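Peer 1: Hey, dropping data.cif in here, mmCIF, C-alpha atoms:
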data_my_file
#
loop_
_atom_site.label_atom_id
_atom_site.label_comp_id
_atom_site.auth_asym_id
_atom_site.auth_seq_id
_atom_site.Cartn_x
_atom_site.Cartn_y
_atom_site.Cartn_z
CA MET A 1 7.10 97.92 167.70
CA PRO A 2 9.66 97.87 164.82
CA LYS A 3 13.26 98.78 165.52
CA HIS A 4 14.41 102.23 164.43
CA PHE A 5 17.87 102.48 162.84
CA VAL A 6 19.12 106.06 162.56
CA ILE A 7 21.98 107.06 160.27
CA VAL A 8 23.55 110.50 160.67
CA GLY A 9 25.10 111.72 157.42
CA GLY A 10 24.09 111.44 153.78
CA GLY A 11 27.08 109.94 151.99
CA VAL A 12 27.80 106.65 150.27
CA ALA A 13 28.52 104.83 153.57
CA ALA A 14 25.07 105.82 154.84
CA VAL A 15 23.27 104.53 151.74
CA HIS A 16 25.07 101.18 151.76
CA ALA A 17 24.47 100.79 155.48
CA ALA A 18 20.75 101.42 154.98
CA LYS A 19 20.67 98.83 152.20
CA ALA A 20 22.46 96.25 154.38
CA ILE A 21 19.98 96.83 157.21
CA ARG A 22 16.98 96.49 154.91
CA ASP A 23 18.43 93.33 153.34
CA GLN A 24 18.39 91.69 156.78
CA ASP A 25 15.40 93.33 158.40
CA GLY A 26 12.30 93.90 156.31
CA GLU A 27 10.29 95.47 159.13
CA ALA A 28 12.65 97.99 160.71
CA GLU A 29 12.29 101.73 160.37
CA ILE A 30 15.37 103.30 158.76
CA SER A 31 16.10 107.03 158.77
CA ILE A 32 18.98 108.85 157.07
CA LEU A 33 19.55 112.37 158.40
CA GLY A 34 21.57 114.56 156.03
CA GLU A 35 22.56 118.21 156.41
CA GLU A 36 22.52 119.00 152.70
CA SER A 37 19.39 119.86 150.75
CA HIS A 38 19.87 116.96 148.32
CA LEU A 39 19.46 113.21 148.32
CA PRO A 40 22.81 111.44 148.85
CA TYR A 41 24.98 111.96 145.79
CA ASN A 42 28.30 110.83 144.35
CA ARG A 43 30.87 113.33 145.63
CA ILE A 44 33.48 112.06 143.17
CA LYS A 45 31.45 113.72 140.40
CA LEU A 46 31.95 117.14 142.00
CA THR A 47 35.45 117.23 140.54
CA LYS A 48 35.27 114.71 137.70
CA GLY A 49 32.06 116.22 136.38
CA LEU A 50 32.41 119.77 137.64
CA PHE A 51 30.95 121.35 134.51
CA THR A 52 28.13 118.84 134.04
CA ASP A 53 24.65 119.29 135.54
CA LEU A 54 25.34 118.43 139.17
CA HIS A 55 21.63 118.59 139.95
CA SER A 56 20.63 115.81 137.57
CA GLU A 57 19.64 112.36 138.81
CA LYS A 58 22.89 111.01 137.33
CA VAL A 59 24.89 112.23 140.32
CA LEU A 60 22.62 110.55 142.88
CA ILE A 61 23.83 107.38 144.58
CA LYS A 62 20.25 106.07 144.52
CA LYS A 63 17.19 107.69 142.97
CA GLU A 64 14.27 108.79 145.12
CA LYS A 65 12.13 105.83 144.06
CA TRP A 66 14.74 103.42 145.47
CA TYR A 67 14.36 104.91 148.96
CA GLN A 68 10.60 104.75 148.61
CA ALA A 69 10.66 101.13 147.44
CA ASN A 70 12.89 100.15 150.37
CA ARG A 71 10.94 102.25 152.88
CA ILE A 72 14.00 104.29 153.85
CA THR A 73 13.27 107.81 155.06
CA VAL A 74 15.77 110.46 153.98
CA ARG A 75 15.48 113.71 155.92
CA ILE A 76 17.42 116.40 154.05
CA SER A 77 18.52 119.73 155.59
CA THR A 78 18.59 118.03 158.98
CA ARG A 79 21.49 118.66 161.34
CA VAL A 80 22.02 116.54 164.45
CA ILE A 81 23.36 118.65 167.31
CA SER A 82 23.57 116.13 170.15
CA ILE A 83 23.49 112.43 170.97
CA HIS A 84 22.18 110.99 174.24
CA PRO A 85 23.46 107.40 174.47
CA ASP A 86 21.84 106.86 177.88
CA ARG A 87 18.38 107.42 176.36
CA GLN A 88 19.30 106.29 172.81
CA VAL A 89 18.11 109.58 171.36
CA VAL A 90 19.55 112.06 168.86
CA GLU A 91 18.48 115.70 168.89
CA THR A 92 18.23 117.78 165.71
CA ALA A 93 18.77 121.51 165.28
CA ASP A 94 15.02 122.09 164.94
CA GLY A 95 14.48 120.66 168.43
CA GLN A 96 13.24 117.19 167.52
CA GLY A 97 14.34 114.09 169.36
CA LEU A 98 14.59 110.76 167.51
CA SER A 99 14.87 107.49 169.39
CA TYR A 100 17.09 104.81 167.91
CA HIS A 101 17.66 101.10 168.39
CA LYS A 102 21.10 101.40 166.75
CA LEU A 103 22.82 104.57 165.54
CA LEU A 104 25.35 104.97 162.74
CA LEU A 105 27.59 108.03 162.46
CA CYS A 106 28.55 108.83 158.85
CA MET A 107 29.25 112.56 159.06
CA GLY A 108 32.17 112.30 156.66
CA ALA A 109 34.98 114.82 156.66
CA LYS A 110 35.79 118.37 155.67
CA ASN A 111 38.68 119.40 153.48
CA ARG A 112 41.79 120.36 155.41
CA ALA A 113 42.13 124.14 155.66
CA LEU A 114 45.06 126.03 154.17
CA GLY A 115 45.73 127.98 157.34
CA ILE A 116 47.60 130.81 155.63
CA LYS A 117 47.09 134.55 155.28
CA GLY A 118 44.39 135.34 152.74
CA ASP A 119 42.67 131.94 152.77
CA GLY A 120 39.38 133.64 153.64
CA LEU A 121 39.35 135.95 150.62
CA GLY A 122 36.67 135.77 147.96
CA ASN A 123 37.33 133.24 145.18
CA VAL A 124 39.31 130.91 147.46
CA HIS A 125 37.58 127.55 147.06
CA THR A 126 37.66 123.98 148.25
CA ILE A 127 35.24 121.41 146.84
CA ARG A 128 33.58 119.12 149.36
CA ASP A 129 29.89 119.45 148.64
CA MET A 130 27.49 120.56 145.91
CA SER A 131 27.36 124.18 147.06
CA ASP A 132 31.18 124.42 146.93
CA ALA A 133 31.21 123.25 143.31
CA GLU A 134 28.40 125.58 142.29
CA ARG A 135 30.07 128.54 144.03
CA LEU A 136 33.27 127.95 142.05
CA LYS A 137 31.46 127.69 138.73
CA GLU A 138 29.40 130.82 139.37
CA GLY A 139 32.53 132.83 140.18
CA LEU A 140 34.47 131.93 137.04
CA ARG A 141 34.66 134.37 134.14
CA GLN A 142 36.08 134.05 130.65
CA GLY A 143 39.86 134.19 130.91
CA SER A 144 39.96 133.42 134.65
CA ARG A 145 43.35 132.22 135.89
CA VAL A 146 43.09 129.44 138.47
CA VAL A 147 45.75 128.15 140.86
CA VAL A 148 45.06 124.65 142.18
CA ILE A 149 46.89 123.88 145.42
CA GLY A 150 47.39 120.15 145.78
CA GLY A 151 48.61 117.67 143.20
CA GLY A 152 46.67 114.67 144.47
CA VAL A 153 43.79 112.94 142.71
CA GLN A 154 41.11 115.51 143.55
CA GLY A 155 43.34 118.45 142.71
CA LEU A 156 44.27 117.01 139.33
CA GLU A 157 40.70 116.05 138.46
CA THR A 158 39.65 119.61 139.26
CA SER A 159 42.52 120.91 137.14
CA TRP A 160 41.39 118.76 134.22
CA ALA A 161 37.79 119.98 134.46
CA LEU A 162 38.94 123.61 134.58
CA HIS A 163 41.40 123.12 131.72
CA GLU A 164 38.75 121.42 129.58
CA ALA A 165 36.44 124.38 130.22
CA GLY A 166 39.08 126.76 128.84
CA TYR A 167 40.62 128.26 131.98
CA GLU A 168 44.31 128.87 132.58
CA VAL A 169 45.44 126.44 135.29
CA THR A 170 48.55 126.21 137.47
CA VAL A 171 49.03 123.28 139.87
CA ILE A 172 51.09 123.79 143.04
CA GLU A 173 52.28 120.66 144.88
CA ALA A 174 54.39 120.69 148.05
CA SER A 175 55.96 117.25 147.54
CA GLN A 176 58.46 116.12 144.92
CA ARG A 177 55.87 114.61 142.60
CA LEU A 178 52.20 114.51 141.61
CA MET A 179 49.95 111.85 143.15
CA ALA A 180 52.82 110.80 145.40
CA ARG A 181 50.63 108.39 147.41
CA GLN A 182 49.49 106.52 144.30
CA LEU A 183 52.31 106.69 141.75
CA ASP A 184 55.97 105.79 141.46
CA GLU A 185 58.49 108.36 140.27
CA ARG A 186 58.39 107.30 136.62
CA SER A 187 54.58 107.45 136.41
CA SER A 188 54.46 110.76 138.22
CA ASP A 189 57.09 112.29 135.93
CA HIS A 190 55.15 111.15 132.87
CA LEU A 191 51.92 112.52 134.33
CA ARG A 192 53.56 115.89 134.83
CA GLU A 193 54.79 115.86 131.22
CA VAL A 194 51.26 115.17 129.98
CA LEU A 195 49.82 118.05 132.03
CA GLU A 196 52.44 120.48 130.78
CA ARG A 197 51.97 119.31 127.22
CA ASN A 198 48.28 120.16 127.62
CA GLY A 199 49.15 123.67 128.77
CA VAL A 200 48.79 123.22 132.54
CA LYS A 201 51.70 124.68 134.50
CA VAL A 202 53.01 122.43 137.29
CA ILE A 203 55.16 123.68 140.17
CA LEU A 204 56.52 121.00 142.52
CA GLN A 205 58.22 121.23 145.93
CA ALA A 206 56.55 124.57 146.51
CA GLY A 207 54.56 125.85 149.46
CA VAL A 208 52.13 128.76 149.34
CA ALA A 209 53.13 131.51 151.78
CA LEU A 210 50.07 133.70 151.36
CA ILE A 211 47.11 134.53 149.16
CA ASP A 212 47.06 138.15 148.03
CA GLY A 213 44.10 140.45 147.47
CA ALA A 214 41.82 143.02 149.09
CA GLU A 215 38.39 141.36 148.96
CA SER A 216 39.05 138.72 146.31
CA VAL A 217 42.16 136.89 145.16
CA THR A 218 44.63 138.74 142.94
CA GLY A 219 47.58 136.35 143.30
CA ILE A 220 49.57 133.99 145.52
CA MET A 221 53.07 134.19 146.94
CA LEU A 222 55.12 131.00 147.11
CA ASP A 223 57.57 130.23 149.88
CA ASN A 224 60.44 131.10 147.54
CA GLN A 225 58.88 134.58 147.03
CA THR A 226 57.65 133.78 143.53
CA TYR A 227 54.44 135.74 142.87
CA LEU A 228 51.74 134.22 140.66
CA PRO A 229 48.83 136.46 139.57
CA CYS A 230 45.49 134.61 139.56
CA ASP A 231 41.74 135.15 139.90
CA HIS A 232 40.78 131.99 141.78
CA VAL A 233 42.45 129.53 144.14
CA VAL A 234 41.15 125.97 144.58
CA TYR A 235 42.81 123.85 147.25
CA SER A 236 42.73 120.13 148.00
CA ILE A 237 45.29 119.12 150.63
CA GLY A 238 43.64 116.27 152.50
CA ILE A 239 40.66 115.75 154.79
CA VAL A 240 39.79 116.13 158.48
CA PRO A 241 37.05 113.82 159.81
CA ASN A 242 34.00 115.51 161.34
CA THR A 243 34.42 114.11 164.86
CA SER A 244 33.13 116.97 167.03
CA LEU A 245 29.64 115.49 167.54
CA ALA A 246 31.13 112.18 168.67
CA ALA A 247 33.74 113.86 170.88
CA GLU A 248 31.07 115.96 172.61
CA THR A 249 29.16 112.75 173.31
CA GLY A 250 32.19 111.16 174.98
CA ILE A 251 32.77 108.63 172.19
CA GLN A 252 36.44 107.71 171.77
CA VAL A 253 38.05 109.79 169.03
CA GLY A 254 41.56 109.82 167.55
CA LYS A 255 42.14 111.02 164.01
CA GLY A 256 38.58 109.84 163.41
CA ILE A 257 35.89 108.08 165.43
CA ILE A 258 37.62 104.92 166.59
CA VAL A 259 35.84 101.70 165.60
CA ASN A 260 36.52 97.98 165.91
CA GLU A 261 36.22 95.33 163.21
CA LYS A 262 32.42 95.43 163.52
CA MET A 263 32.40 99.23 163.06
CA GLU A 264 31.31 99.65 166.69
CA THR A 265 32.40 102.78 168.55
CA SER A 266 33.22 102.94 172.25
CA ALA A 267 29.57 103.77 173.01
CA PRO A 268 26.94 100.99 173.13
CA HIS A 269 24.60 100.71 170.13
CA ILE A 270 26.58 103.36 168.19
CA TYR A 271 28.59 102.62 165.04
CA ALA A 272 30.65 104.73 162.64
CA ALA A 273 31.67 104.30 158.98
CA GLY A 274 33.19 106.15 156.03
CA ASP A 275 35.47 109.17 156.10
CA VAL A 276 34.68 109.88 159.76
CA ALA A 277 35.80 106.43 160.99
CA GLU A 278 39.25 105.38 162.18
CA PHE A 279 39.96 101.64 161.98
CA ASP A 280 43.23 100.09 163.07
CA GLY A 281 44.82 103.53 163.30
CA HIS A 282 43.79 104.60 159.78
CA VAL A 283 41.20 106.95 158.32
CA GLU A 284 40.85 105.55 154.82
CA GLY A 285 39.11 108.43 153.08
CA LEU A 286 38.41 106.27 150.02
CA TRP A 287 35.16 105.73 148.13
CA GLY A 288 35.45 101.93 148.07
CA GLY A 289 36.36 101.78 151.74
CA ALA A 290 33.35 103.92 152.68
CA ILE A 291 31.02 101.60 150.76
CA GLU A 292 32.42 98.51 152.48
CA GLN A 293 32.46 100.07 155.94
CA GLY A 294 28.85 101.16 155.50
CA ARG A 295 27.84 97.68 154.43
CA ILE A 296 29.62 96.05 157.37
CA ALA A 297 28.19 98.56 159.85
CA GLY A 298 24.65 98.05 158.57
CA SER A 299 25.00 94.28 158.65
CA ASN A 300 26.19 94.34 162.24
CA MET A 301 23.51 96.79 163.32
CA ALA A 302 20.85 94.41 162.02
CA ALA A 303 22.53 91.11 162.92
CA GLU A 304 25.88 90.60 164.67
CA GLY A 305 28.81 88.79 163.12
CA THR A 306 30.22 90.55 160.03
CA ILE A 307 33.90 91.51 160.21
CA TYR A 308 35.57 94.37 158.36
CA ARG A 309 38.91 94.00 156.65
CA ARG A 310 40.66 97.09 155.36
CA ALA A 311 39.72 97.61 151.76
CA VAL A 312 42.45 97.43 149.15
CA PRO A 313 43.11 101.05 148.09
CA VAL A 314 42.01 101.62 144.50
CA THR A 315 42.59 104.77 142.45
CA LEU A 316 41.25 104.96 138.89
CA PHE A 317 42.48 108.14 137.22
CA ASN A 318 40.96 109.38 133.96
CA ALA A 319 41.97 112.88 132.95
CA PHE A 320 44.13 114.70 130.41
CA GLY A 321 43.62 111.79 128.02
CA ILE A 322 45.19 109.43 130.57
CA SER A 323 43.65 106.27 131.95
CA LEU A 324 45.69 104.64 134.70
CA PHE A 325 45.17 102.81 137.95
CA SER A 326 46.98 102.37 141.25
CA ILE A 327 45.86 99.47 143.42
CA GLY A 328 47.03 98.22 146.80
CA TYR A 329 50.23 99.27 148.50
CA VAL A 330 52.72 100.89 146.15
CA ASP A 331 55.38 101.92 148.65
CA GLU A 332 58.73 100.28 147.93
CA ARG A 333 59.40 100.10 151.67
CA GLN A 334 56.46 97.72 152.12
CA CYS A 335 57.57 95.16 149.55
CA ASP A 336 60.56 92.90 148.96
CA PHE A 337 60.45 92.73 145.16
CA ILE A 338 59.38 94.94 142.25
CA VAL A 339 58.78 94.00 138.64
CA SER A 340 58.23 96.72 136.06
CA GLY A 341 58.09 96.86 132.31
CA GLU A 342 56.25 97.95 129.19
CA ASN A 343 53.94 96.07 126.88
CA ASN A 344 53.17 97.86 123.61
CA GLY A 345 54.32 101.10 125.22
CA VAL A 346 52.10 100.66 128.30
CA TYR A 347 54.00 100.91 131.59
CA THR A 348 53.15 98.62 134.53
CA ARG A 349 54.81 98.10 137.90
CA LEU A 350 54.08 95.25 140.33
CA TYR A 351 54.88 95.30 144.04
CA VAL A 352 55.48 91.87 145.60
CA LYS A 353 55.85 90.76 149.23
CA ASN A 354 56.12 87.20 150.51
CA ASN A 355 55.44 85.92 146.99
CA THR A 356 52.10 87.72 146.71
CA MET A 357 51.21 90.85 144.79
CA ILE A 358 50.45 93.68 147.23
CA GLY A 359 50.29 96.58 144.77
CA ALA A 360 50.22 97.56 141.11
CA ILE A 361 50.48 100.70 139.00
CA SER A 362 49.54 100.52 135.35
CA TRP A 363 48.70 102.78 132.44
CA GLU A 364 46.58 100.02 130.87
CA GLY A 365 43.35 101.75 131.85
CA ALA A 366 40.55 101.04 134.27
CA ALA A 367 39.15 98.12 132.27
CA ALA A 368 42.31 96.10 132.92
CA SER A 369 42.39 96.74 136.66
CA LEU A 370 40.11 93.91 137.81
CA ALA A 371 42.67 91.09 137.56
CA TYR A 372 45.22 93.09 139.55
CA LYS A 373 42.65 94.04 142.19
CA THR A 374 41.38 90.47 142.57
CA ALA A 375 44.90 89.03 142.83
CA ILE A 376 45.78 91.52 145.56
CA GLU A 377 42.52 90.99 147.47
CA GLN A 378 42.81 87.19 147.23
CA GLU A 379 46.49 87.32 148.26
CA LEU A 380 47.13 85.05 145.29
CA SER A 381 50.38 83.10 145.52
CA LEU A 382 52.92 83.90 142.78
CA SER A 383 55.05 80.84 143.58
CA GLY A 384 56.42 79.25 140.44
CA ILE A 385 55.99 82.39 138.33
CA ASN A 386 59.21 83.88 137.02
CA LEU A 387 59.48 87.26 138.75
CA ALA A 388 62.94 88.17 137.50
CA ALA A 389 63.49 91.86 136.89
CA ASP A 390 63.36 91.29 133.13
CA SER A 391 60.20 89.16 133.25
CA SER A 392 57.31 90.01 130.96
CA ILE A 393 54.47 91.74 132.77
CA GLU A 394 52.13 90.25 130.19
CA GLY A 395 53.42 86.74 130.96
CA ILE A 396 53.08 87.24 134.71
CA MET A 397 49.52 88.53 134.43
CA ASN A 398 48.50 85.75 132.02
CA GLU A 399 49.51 83.20 134.66
CA VAL A 400 47.79 85.25 137.38
CA GLN A 401 44.54 85.17 135.41
CA VAL A 402 44.83 81.41 134.95
CA ARG A 403 45.23 80.94 138.69
CA LEU A 404 42.34 83.27 139.41
CA SER A 405 40.11 81.22 137.10
CA TYR A 406 40.73 78.18 139.32
CA ILE A 407 39.60 80.14 142.39
CA LYS A 408 36.32 81.02 140.71
#
Could you take the file, read its structure, and then write that structure out as structure tokens?
Peer 2:
Amino acid sequence: MPKHFVIVGGGVAAVHAAKAIRDQDGEAEISILGEESHLPYNRIKLTKGLFTDLHSEKVLIKKEKWYQANRITVRISTRVISIHPDRQVVETADGQGLSYHKLLLCMGAKNRALGIKGDGLGNVHTIRDMSDAERLKEGLRQGSRVVVIGGGVQGLETSWALHEAGYEVTVIEASQRLMARQLDERSSDHLREVLERNGVKVILQAGVALIDGAESVTGIMLDNQTYLPCDHVVYSIGIVPNTSLAAETGIQVGKGIIVNEKMETSAPHIYAAGDVAEFDGHVEGLWGGAIEQGRIAGSNMAAEGTIYRRAVPVTLFNAFGISLFSIGYVDERQCDFIVSGENNGVYTRLYVKNNTMIGAISWEGAAASLAYKTAIEQELSLSGINLAADSSIEGIMNEVQVRLSYIK
């Protein structure tokens, strides 16, 4: 009888896990159980492509024929309500029990709630799934004023989509700068200037005290008592992994479902990957990390021995006419040397530790990011390269590319 691999959750980690299992086991039965009424899709497009057709095949991670060709069963609109590790069975909301040889938990995360007065009013939105995005679009009217709470990547991508569609947008960010996790002060300041030049209002170091309105939003009150009239609020202030199913099962949970380097949980035959997983004390919450964790989990479910290493964080930002990237670890406290400069007006900053590049920020654009990413992943030695503060970024990267060519 063929083995049955069950994957709970329909995100990118689930799809890549299923592929890894099929690559190693041509006979096994593979089932993906997803709560949404769609095939697994690219959630990044919910903000980047908010006003495109989100129901087209272009948003799908894999088209239906791929699942058919690989004999992978996708059960949509299927919610798992309990796991029975002793019997190796999962139970669905419609009362069915599915036996598994190995089980993978990929339930993802939900967006962190605002937790303030008025956050349950009509026209208060957060975008995590297809229905969230459609609900926002359906509620917008010509001339709608939108406040976006959160100046991180998702908040700014949403702001760009709304601005492009002709809506009045104000961004509220609690910290001192936009995209604080990905950008240095200079880049963040320039980003803010670009937004404001495009007509988007940016308010930094501001908390939202309450959302005003009777049934729907009419405005927000900031902590400093500033009142901003608006018709919609969209918030993006981080994620919370969906760990309740695992916790109820007795699986060890911290910030996420705790996994080891093989993506194994504390329960036998059960793995976790993606936004729900906590590895080495971290919940990554990144697209690239979810893909890699899914691949590693699937490989180990089918055949033991593949080890996960934390993925290098990669942010590619394309909005407001800007194309920039932030790769690796860009916290000055984690490095012992920084080189920054401009080449033809393009700003780049390199973060160096122990003579290796650990991070980079550049406005060169996504196409130029590969060399930086590879150098960071390969922990390429920079010994012998002049890293003086006035060194040419172009010269440094030319030598980096030469050294990378030898590795290939």
Peer 1: Expressed in Å to a single decimal, how great is the separation between CA of Ser323 in chain A and CA of Gln154 in chain A?
Peer 2: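 Straight-line distance from CA of Ser323 in chain A to CA of Gln154 in chain A works out to 15.0 Å.
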Peer 1: Which residue gives the smallest distance to Arg22 in chain A among A:Ser299, A:Asn242, A:Gln401, A:Gln293, with only C-alpha atoms counted?
Peer 2: A:Ser299
Peer 1: I need every residue sitting at most 8 Å from the point (39.6, 116.1, 162.8) (coordinates as in the file, only C-alpha atoms considered), written as a ChimeraX atom specification.
Peer 2: /A:109,240-244,255-256
Peer 1: Within 7 Å of (51.9, 101.6, 134.3), in the coordinates the file gives, what residues turn up when you count all atoms listed in the file, written out as a list in words?
Peer 2: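 Residues lying no farther than 7 Å from the given point: Ser187, Leu324, Val346, Tyr347, Thr348, Arg349, Ile361, Ser362, Trp363 and Glu364 of chain A.
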Peer 1: Tell me which of A:Leu50, A:Ile83, A:Val276, A:Leu98 sits closest to Ala14 in chain A, counting only C-alpha atoms.
Peer 2: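 Among A:Leu50, A:Ile83, A:Val276, A:Leu98, it is A:Val276 that comes nearest to Ala14 in chain A.
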Peer 1: Run the PyMOL selection byres ((chain A and resi 188-205) around 10) against the file shown and list the residues it catches, as a PyMOL selection string.
Peer 2: chain A and resi 147-151+156+159-160+163-164+167-180+182-187+206-207+223+319-322
Peer 1: Go through A:Met130, A:Ala18, A:Ile220, A:Ile116 and flag the residue nearest Leu46 in chain A, using only C-alpha atoms for the distances.
Peer 2: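 Answer, going by the shortest atom-to-atom distance: A:Met130.
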Peer 1: Go ahead and compute the interatomic distance for CA of Ala297 in chain A and CA of Pro313 in chain A, in Å to one decimal.
Peer 2: 19.2 Å
Peer 1: List, as an MDAnalysis selection string, every residue that the PyMOL selection byres ((chain A and resi 264) around 12) selects in the file provided.
Peer 2: chainID A and resid 102:105 251:252 257:263 265:273 277:279 293:294 296:301 304:308
Peer 1: What's the separation between CA of Phe337 in chain A and CA of Val312 in chain A, in Å to one decimal place?
Peer 2: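 CA of Val312 in chain A lies at a distance of 19.0 Å from CA of Phe337 in chain A.
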Peer 1: Which of these residues is nearest to Ile72 in chain A, using only C-alpha atoms: A:Gly365, A:Gly49, A:Gly26, A:Gly238?
Peer 2: A:Gly26
Peer 1: Skip His55 in chain A itself and residues of its chain fewer than 2 positions away, then list as a list in words all residues within 12 Å of it, counting all atoms listed in the file.
Peer 2: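 Once the adjacent positions are removed, what remains is Ser37, His38, Leu39, Pro40, Tyr41, Asn42, Lys45, Leu46, Gly49, Leu50, Phe51, Thr52, Asp53, Glu57, Lys58, Val59, Leu60, Met130, Ser131, Ala133 and Glu134 of chain A.
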Peer 1: Please determine, counting all atoms listed in the file, which residue among A:Gly254, A:Gly152, A:Gly166, A:Gly213 has the shortest atom-to-atom distance to Ser236 in chain A.
Peer 2: A:Gly152
Peer 1: Because some atoms of range 130-143 of chain A are absent here, can you restore N, CA and C atoms and send them as a JSON list (two decimals), in the coordinates of the input?
Peer 2:
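In the end it all went to part15.json:
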[["chain", "number", "residue", "atom", "x", "y", "z"],
["A", 130, "MET", "N", 28.11, 119.99, 147.12],
["A", 130, "MET", "CA", 27.49, 120.56, 145.91],
["A", 130, "MET", "C", 27.58, 122.08, 145.89],
["A", 131, "SER", "N", 27.35, 122.71, 147.02],
["A", 131, "SER", "CA", 27.36, 124.18, 147.06],
["A", 131, "SER", "C", 28.76, 124.72, 146.78],
["A", 132, "ASP", "N", 29.80, 124.00, 147.23],
["A", 132, "ASP", "CA", 31.18, 124.42, 146.93],
["A", 132, "ASP", "C", 31.42, 124.43, 145.42],
["A", 133, "ALA", "N", 31.00, 123.35, 144.76],
["A", 133, "ALA", "CA", 31.21, 123.25, 143.31],
["A", 133, "ALA", "C", 30.44, 124.33, 142.56],
["A", 134, "GLU", "N", 29.21, 124.57, 142.96],
["A", 134, "GLU", "CA", 28.40, 125.58, 142.29],
["A", 134, "GLU", "C", 28.98, 126.98, 142.51],
["A", 135, "ARG", "N", 29.49, 127.23, 143.71],
["A", 135, "ARG", "CA", 30.07, 128.54, 144.03],
["A", 135, "ARG", "C", 31.29, 128.81, 143.13],
["A", 136, "LEU", "N", 32.12, 127.80, 142.93],
["A", 136, "LEU", "CA", 33.27, 127.95, 142.05],
["A", 136, "LEU", "C", 32.83, 128.26, 140.63],
["A", 137, "LYS", "N", 31.90, 127.49, 140.11],
["A", 137, "LYS", "CA", 31.46, 127.69, 138.73],
["A", 137, "LYS", "C", 30.85, 129.07, 138.52],
["A", 138, "GLU", "N", 30.05, 129.51, 139.49],
["A", 138, "GLU", "CA", 29.40, 130.82, 139.37],
["A", 138, "GLU", "C", 30.40, 131.97, 139.40],
["A", 139, "GLY", "N", 31.55, 131.76, 140.06],
["A", 139, "GLY", "CA", 32.53, 132.83, 140.18],
["A", 139, "GLY", "C", 33.47, 132.94, 139.00],
["A", 140, "LEU", "N", 33.54, 131.92, 138.17],
["A", 140, "LEU", "CA", 34.47, 131.93, 137.04],
["A", 140, "LEU", "C", 33.99, 132.86, 135.93],
["A", 141, "ARG", "N", 34.94, 133.50, 135.28],
["A", 141, "ARG", "CA", 34.66, 134.37, 134.14],
["A", 141, "ARG", "C", 35.59, 133.98, 132.99],
["A", 142, "GLN", "N", 35.22, 134.35, 131.80],
["A", 142, "GLN", "CA", 36.08, 134.05, 130.65],
["A", 142, "GLN", "C", 37.47, 134.61, 130.89],
["A", 143, "GLY", "N", 38.48, 133.77, 130.71],
["A", 143, "GLY", "CA", 39.86, 134.19, 130.91],
["A", 143, "GLY", "C", 40.35, 134.08, 132.33]]
